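Below: final-v6.txt (compact mmCIF, C-alpha atoms and all ligand atoms)
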# COMPACT_ATOMS: atom_id res chain seq x y z
CA MET A 1 136.55 79.50 117.51
CA PRO A 2 133.72 81.34 119.29
CA GLN A 3 132.35 84.27 117.31
CA ALA A 4 132.04 87.77 118.78
CA PRO A 5 128.53 88.57 120.02
CA LEU A 6 126.38 90.91 117.93
CA GLU A 7 127.10 94.56 118.56
CA PRO A 8 124.31 96.51 120.32
CA GLY A 9 122.67 99.29 118.30
CA THR A 10 123.51 97.69 114.94
CA LEU A 11 121.31 97.13 111.91
CA TYR A 12 122.37 93.87 110.27
CA LEU A 13 121.47 93.39 106.59
CA VAL A 14 121.13 89.67 106.24
CA ALA A 15 121.06 88.05 102.81
CA THR A 16 118.72 85.06 102.53
CA PRO A 17 118.18 82.42 99.80
CA ILE A 18 116.77 83.37 96.39
CA GLY A 19 115.26 79.92 95.96
CA ASN A 20 117.41 77.19 97.43
CA LEU A 21 117.02 77.09 101.21
CA GLU A 22 120.57 75.73 101.60
CA ASP A 23 121.98 79.03 100.33
CA ILE A 24 122.41 80.77 103.65
CA THR A 25 125.66 81.39 105.49
CA LEU A 26 126.54 80.25 108.98
CA ARG A 27 126.93 83.90 109.93
CA ALA A 28 123.49 84.77 108.58
CA LEU A 29 121.94 81.96 110.65
CA ARG A 30 123.77 83.07 113.78
CA THR A 31 122.73 86.70 113.24
CA LEU A 32 119.08 85.67 112.79
CA ARG A 33 119.29 83.52 115.91
CA GLU A 34 121.05 86.04 118.15
CA CYS A 35 119.54 89.39 117.10
CA SER A 36 116.87 91.11 119.24
CA ILE A 37 114.35 91.08 116.41
CA ILE A 38 114.04 90.39 112.68
CA ALA A 39 112.42 92.98 110.39
CA ALA A 40 111.16 91.11 107.34
CA GLU A 41 109.63 92.17 104.04
CA ASP A 42 107.44 89.06 104.07
CA THR A 43 107.01 87.67 107.59
CA ARG A 44 105.43 84.42 106.38
CA ARG A 45 108.31 83.62 104.07
CA THR A 46 110.89 84.51 106.72
CA LYS A 47 109.13 82.36 109.33
CA GLN A 48 109.34 79.41 106.93
CA LEU A 49 113.06 79.99 106.52
CA LEU A 50 113.51 80.23 110.30
CA LYS A 51 111.49 77.07 110.83
CA SER A 52 113.59 75.13 108.34
CA HIS A 53 116.68 76.08 110.35
CA GLU A 54 114.96 75.61 113.73
CA ILE A 55 115.35 79.26 114.72
CA ASP A 56 112.83 80.61 117.19
CA GLN A 57 112.88 84.39 116.82
CA SER A 58 110.45 87.36 116.80
CA VAL A 59 109.66 88.74 113.34
CA ILE A 60 107.99 92.05 112.49
CA SER A 61 107.05 93.32 109.04
CA TYR A 62 109.02 95.95 107.17
CA HIS A 63 107.79 96.58 103.64
CA LYS A 64 107.17 99.45 101.25
CA PHE A 65 103.70 100.15 102.69
CA ASN A 66 104.85 100.64 106.31
CA GLU A 67 108.52 101.61 105.89
CA THR A 68 108.20 105.20 107.19
CA LYS A 69 106.25 104.28 110.32
CA ARG A 70 108.22 101.12 110.96
CA SER A 71 111.56 102.91 110.47
CA GLU A 72 110.82 105.11 113.50
CA GLU A 73 110.17 102.07 115.62
CA LEU A 74 113.32 100.33 114.39
CA LEU A 75 115.46 103.40 115.08
CA ASN A 76 114.05 103.49 118.62
CA ARG A 77 115.05 99.90 119.10
CA LEU A 78 118.59 100.68 117.89
CA LYS A 79 118.66 103.61 120.33
CA ASN A 80 117.84 101.18 123.14
CA GLY A 81 120.82 99.04 122.16
CA GLN A 82 118.89 96.33 120.36
CA THR A 83 120.25 94.48 117.32
CA ILE A 84 118.01 94.27 114.27
CA ALA A 85 118.36 91.83 111.38
CA LEU A 86 116.75 93.16 108.23
CA VAL A 87 115.79 90.52 105.68
CA SER A 88 113.99 90.94 102.39
CA ASP A 89 111.70 88.62 100.54
CA ALA A 90 114.76 86.96 99.00
CA GLY A 91 118.41 87.76 98.41
CA THR A 92 120.26 90.82 99.61
CA PRO A 93 118.18 93.47 101.39
CA GLY A 94 118.34 96.85 99.66
CA ILE A 95 118.93 95.46 96.16
CA SER A 96 115.67 96.31 94.34
CA ASP A 97 113.62 95.96 97.53
CA PRO A 98 112.61 98.29 100.39
CA GLY A 99 115.74 97.79 102.52
CA GLY A 100 117.47 100.91 101.19
CA ARG A 101 115.31 103.40 103.11
CA ILE A 102 115.94 102.11 106.63
CA VAL A 103 119.67 101.94 105.90
CA GLN A 104 119.65 105.66 105.00
CA PHE A 105 117.61 106.53 108.11
CA ALA A 106 119.92 104.50 110.36
CA ILE A 107 123.09 106.02 108.87
CA ASN A 108 121.66 109.54 109.22
CA ALA A 109 120.81 108.81 112.86
CA GLY A 110 124.38 107.62 113.48
CA TYR A 111 123.81 103.87 113.93
CA ARG A 112 126.09 101.05 112.80
CA ILE A 113 125.20 99.03 109.73
CA GLU A 114 126.68 95.61 109.12
CA SER A 115 126.21 93.65 105.93
CA VAL A 116 125.96 89.88 106.25
CA PRO A 117 126.59 88.90 102.63
CA GLY A 118 125.01 86.06 100.71
CA PRO A 119 122.75 85.39 97.74
CA CYS A 120 121.76 88.06 95.27
CA ALA A 121 120.07 87.32 91.92
CA LEU A 122 122.38 89.76 90.10
CA THR A 123 125.66 88.24 91.32
CA THR A 124 124.30 84.72 90.84
CA ALA A 125 123.31 85.41 87.23
CA LEU A 126 126.19 87.52 85.94
CA PRO A 127 129.19 85.17 86.42
CA ALA A 128 127.29 82.22 84.90
CA SER A 129 125.99 84.25 81.95
CA GLY A 130 129.22 84.01 79.96
CA LEU A 131 128.96 87.73 79.20
CA PRO A 132 131.75 90.14 80.21
CA THR A 133 131.83 90.72 83.96
CA GLU A 134 134.72 93.24 84.22
CA LYS A 135 132.28 96.07 83.78
CA PHE A 136 128.52 95.89 84.26
CA HIS A 137 125.66 98.28 84.81
CA PHE A 138 122.79 97.19 87.06
CA MET A 139 119.44 98.83 86.36
CA GLY A 140 117.13 96.83 88.64
CA PHE A 141 113.53 96.95 87.42
CA LEU A 142 112.52 99.21 84.53
CA PRO A 143 109.31 101.18 85.03
CA HIS A 144 106.11 99.50 83.81
CA LYS A 145 105.02 102.20 81.35
CA SER A 146 106.42 102.15 77.81
CA MET A 147 107.50 105.81 77.72
CA GLY A 148 109.45 105.56 80.99
CA ARG A 149 111.12 102.35 79.85
CA LYS A 150 112.10 103.83 76.49
CA LYS A 151 113.62 106.88 78.13
CA ILE A 152 115.81 104.76 80.39
CA LEU A 153 116.81 102.29 77.68
CA ASP A 154 117.71 105.15 75.31
CA SER A 155 119.89 106.67 78.04
CA LEU A 156 121.88 103.40 78.19
CA ASP A 157 122.87 103.48 74.53
CA LYS A 158 126.38 104.79 75.23
CA VAL A 159 126.87 102.97 78.51
CA SER A 160 129.52 100.28 78.12
CA GLY A 161 129.67 96.90 79.84
CA THR A 162 127.01 94.26 80.40
CA LEU A 163 123.58 95.69 81.19
CA CYS A 164 121.70 93.86 83.94
CA PHE A 165 117.97 94.08 84.63
CA TYR A 166 115.46 92.43 86.93
CA GLU A 167 112.23 91.63 85.09
CA SER A 168 108.95 89.88 85.76
CA PRO A 169 107.65 87.09 83.50
CA TYR A 170 104.77 89.41 82.47
CA ARG A 171 107.11 91.96 80.87
CA ILE A 172 109.95 89.78 79.60
CA ILE A 173 108.61 89.69 76.01
CA LYS A 174 108.12 93.44 76.13
CA LEU A 175 111.76 93.85 77.18
CA LEU A 176 112.99 91.50 74.44
CA ASN A 177 111.06 93.54 71.85
CA GLU A 178 112.58 96.74 73.22
CA LEU A 179 116.06 95.18 73.00
CA GLN A 180 115.38 94.01 69.45
CA GLU A 181 114.43 97.55 68.47
CA LEU A 182 117.42 99.22 70.11
CA TRP A 183 120.22 96.64 69.95
CA PRO A 184 119.27 93.80 67.55
CA ASN A 185 122.87 92.51 67.47
CA SER A 186 123.19 92.20 71.22
CA ASN A 187 123.87 88.95 73.09
CA VAL A 188 121.16 88.41 75.65
CA VAL A 189 121.08 85.95 78.53
CA LEU A 190 117.87 85.24 80.42
CA ALA A 191 118.81 83.75 83.79
CA ARG A 192 115.63 82.13 85.04
CA GLU A 193 114.65 80.51 88.35
CA LEU A 194 118.19 80.70 89.71
CA THR A 195 119.11 78.16 92.38
CA LYS A 196 115.71 76.50 91.96
CA LYS A 197 114.66 73.17 90.42
CA PHE A 198 113.97 74.69 87.00
CA GLU A 199 117.01 76.99 86.81
CA GLU A 200 117.78 77.81 83.19
CA PHE A 201 120.08 80.09 81.19
CA LEU A 202 118.68 81.04 77.79
CA ARG A 203 121.21 82.62 75.47
CA GLY A 204 120.68 84.30 72.11
CA SER A 205 119.94 87.47 70.19
CA PRO A 206 116.73 89.34 71.09
CA ILE A 207 114.95 87.93 68.02
CA GLU A 208 116.02 84.34 68.84
CA LEU A 209 114.65 84.67 72.35
CA ILE A 210 111.42 86.28 71.08
CA GLU A 211 111.07 83.30 68.74
CA PHE A 212 111.73 80.90 71.66
CA TYR A 213 108.95 82.49 73.70
CA SER A 214 106.52 82.55 70.78
CA LYS A 215 106.03 78.83 71.50
CA ARG A 216 105.76 78.93 75.31
CA LYS A 217 104.76 81.21 78.13
CA PRO A 218 107.54 82.84 80.19
CA LYS A 219 107.40 81.64 83.77
CA GLY A 220 109.36 82.31 86.96
CA GLU A 221 111.79 85.02 87.99
CA PHE A 222 114.28 86.51 85.54
CA VAL A 223 117.56 88.37 85.47
CA VAL A 224 118.21 89.77 82.00
CA LEU A 225 121.79 90.42 80.89
CA VAL A 226 122.64 92.24 77.71
CA HIS A 227 125.99 92.68 76.01
CA ARG A 228 126.32 94.88 72.95
CA PRO A 229 129.35 94.11 70.74
N1 LIG A 301 116.98 91.58 96.79
C1 LIG A 301 116.91 90.61 95.73
C2 LIG A 301 118.33 90.23 95.28
O1 LIG A 301 119.25 90.35 96.09
O2 LIG A 301 118.52 89.78 94.16
C3 LIG A 301 116.05 91.09 94.57
C4 LIG A 301 114.66 91.45 94.96
S1 LIG A 301 113.66 91.94 93.62
C5 LIG A 301 112.20 92.44 94.48
C6 LIG A 301 113.11 90.44 92.90
C7 LIG A 301 113.65 90.23 91.48
O3 LIG A 301 114.96 89.68 91.53
C8 LIG A 301 112.84 89.24 90.65
O4 LIG A 301 111.73 89.86 90.03
C9 LIG A 301 113.86 88.77 89.63
O5 LIG A 301 114.04 89.71 88.62
C10 LIG A 301 115.13 88.73 90.51
N2 LIG A 301 115.24 87.41 91.14
C11 LIG A 301 115.07 87.11 92.44
N3 LIG A 301 115.25 85.78 92.63
C12 LIG A 301 115.53 85.24 91.43
C13 LIG A 301 115.81 83.92 90.97
N4 LIG A 301 115.82 82.89 91.81
N5 LIG A 301 116.07 83.73 89.66
C14 LIG A 301 116.07 84.78 88.80
N6 LIG A 301 115.81 86.05 89.17
C15 LIG A 301 115.54 86.27 90.47
Do you think you could lay out the structure here as structure tokens?
Ligand code: SAM
Amino acid sequence: MPQAPLEPGTLYLVATPIGNLEDITLRALRTLRECSIIAAEDTRRTKQLLKSHEIDQSVISYHKFNETKRSEELLNRLKNGQTIALVSDAGTPGISDPGGRIVQFAINAGYRIESVPGPCALTTALPASGLPTEKFHFMGFLPHKSMGRKKILDSLDKVSGTLCFYESPYRIIKLLNELQELWPNSNVVLARELTKKFEEFLRGSPIELIEFYSKRKPKGEFVVLVHRP
């Protein structure tokens, strides 16, 4: 069945793979192929994705260092009836990446937003973690500085459900130590390198995972899930 053409003046939020290039929907590919222009957090990465699917399309950058200036230009394009596909570095635009700002600007200016769903590290990690999924609390990245982190973690003490964080390999041990201090009896799952060759789910208490990483260096991208009994 032929699909309806893209709607003029719409900002499409297109989810792209978080590692495995096969994880992209037919609709995402069609949107990337048929839109007027793609606004990408990392143009090089997006061009690789387009090349692997033989899509010839114009790509401009949209990242945290040019978002204000670029937003004006994108809104002008929407005003002229163009269709824009926003893609982030990986996963769903707007989830812990710069996509959120342009969505706000576009809504405030009265333009249509359409979400083209697909991969997201959070929703890939949580169901496979084995931790409760009925209720969860997504925190994205914690700040880098210890005081800021402590303040946020303390504020989560009474929050029920599985806590979900994004964390870099450089701060994963720091986070495990913080969890050990606050919730030593918690069940923690480190979902690492999801959808990639070295995908791994490490399960244990904070101290068990600290012990695990005392013998090797944390590598790759992590989603950290925490359930407190
Ligand atoms: N927008 C993305 C999404 O939909 O998940 C997230 C972007 S955020 C800048 C990047 C963080 O997401 C990484 O530091 C890591 O915490 C998590 N992440 C992204 N890809 C991942 C993967 N393949 N495996 C585990 N975590 C991943």
Sorted by chain and rising residue number, which residues of chain A lie within 6 Å of ligand LIG 301 (chain A), and what are their closest atom pairs and distances in Å to one decimal, counting all atoms listed in the file, as JSON lines?
{"residue": "A:Ile18", "atom": "CA", "partner": "A:LIG301", "partner_atom": "N4", "distance": 4.7}
{"residue": "A:Gly19", "atom": "CA", "partner": "A:LIG301", "partner_atom": "N4", "distance": 5.1}
{"residue": "A:Ala90", "atom": "CA", "partner": "A:LIG301", "partner_atom": "C1", "distance": 5.4}
{"residue": "A:Gly91", "atom": "CA", "partner": "A:LIG301", "partner_atom": "O1", "distance": 3.6}
{"residue": "A:Thr92", "atom": "CA", "partner": "A:LIG301", "partner_atom": "O1", "distance": 3.7}
{"residue": "A:Pro93", "atom": "CA", "partner": "A:LIG301", "partner_atom": "N1", "distance": 5.1}
{"residue": "A:Ile95", "atom": "CA", "partner": "A:LIG301", "partner_atom": "N1", "distance": 4.4}
{"residue": "A:Ser96", "atom": "CA", "partner": "A:LIG301", "partner_atom": "S1", "distance": 4.9}
{"residue": "A:Asp97", "atom": "CA", "partner": "A:LIG301", "partner_atom": "C5", "distance": 4.9}
{"residue": "A:Cys120", "atom": "CA", "partner": "A:LIG301", "partner_atom": "O1", "distance": 3.5}
{"residue": "A:Ala121", "atom": "CA", "partner": "A:LIG301", "partner_atom": "O2", "distance": 3.7}
{"residue": "A:Leu122", "atom": "CA", "partner": "A:LIG301", "partner_atom": "O2", "distance": 5.6}
{"residue": "A:Tyr166", "atom": "CA", "partner": "A:LIG301", "partner_atom": "O5", "distance": 3.5}
{"residue": "A:Glu167", "atom": "CA", "partner": "A:LIG301", "partner_atom": "O5", "distance": 4.4}
{"residue": "A:Ser168", "atom": "CA", "partner": "A:LIG301", "partner_atom": "O4", "distance": 5.1}
{"residue": "A:Ala191", "atom": "CA", "partner": "A:LIG301", "partner_atom": "C14", "distance": 5.8}
{"residue": "A:Arg192", "atom": "CA", "partner": "A:LIG301", "partner_atom": "C14", "distance": 4.6}
{"residue": "A:Glu193", "atom": "CA", "partner": "A:LIG301", "partner_atom": "N5", "distance": 3.8}
{"residue": "A:Leu194", "atom": "CA", "partner": "A:LIG301", "partner_atom": "N5", "distance": 3.7}
{"residue": "A:Thr195", "atom": "CA", "partner": "A:LIG301", "partner_atom": "N4", "distance": 5.8}
{"residue": "A:Glu221", "atom": "CA", "partner": "A:LIG301", "partner_atom": "N6", "distance": 4.3}
{"residue": "A:Phe222", "atom": "CA", "partner": "A:LIG301", "partner_atom": "N6", "distance": 4.0}
{"residue": "A:Val223", "atom": "CA", "partner": "A:LIG301", "partner_atom": "N6", "distance": 4.7}
**Request:** Grab the CA of Pro132 (chain A) to CA of Thr162 (chain A) distance for me, in Å with one decimal place.
**Result:** 6.3 Å
**Message:** Using all atoms listed in the file for the distances, tell me which of A:Glu199, A:Glu114, A:Asp56, A:Glu22 is nearest to Leu86 (chain A).
**Reply:** A:Glu114
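Minimum atom-to-atom distance to Ile60 (chain A), evaluated using all atoms listed in the file, belongs to A:Thr43 out of A:Gln82, A:Ser214, A:Thr43, A:Asn76.
For the choices A:Ser88, A:Arg33, A:Asn108, A:Leu209, the atom-to-atom distance to Thr46 (chain A) is smallest for A:Ser88 when using all atoms listed in the file.
In this comparison, which uses all atoms listed in the file, the residue of A:Leu11, A:Ala40, A:Ala128, A:Val159 approaching Gly110 (chain A) most closely is A:Leu11.
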**Request:** Using all atoms listed in the file, find all polymer residues with an atom at most 10 Å away from the point (121.8, 100.8, 116.4); report them as a list in words.
**Result:** Glu7, Pro8, Gly9, Thr10, Leu11, Tyr12, Leu74, Leu75, Asn76, Arg77, Leu78, Lys79, Asn80, Gly81, Gln82, Thr83, Ile84, Ala106, Ile107, Ala109, Gly110, Tyr111, Arg112 and Ile113 of chain A
**Prompt:** Glu181 (chain A): which residues within 12 Å, counting all atoms listed in the file, same-chain residues fewer than 2 positions away excluded, as a PyMOL selection string?
**Reply:** chain A and resi 150+153-154+157+174-179+183-186+205-207+210
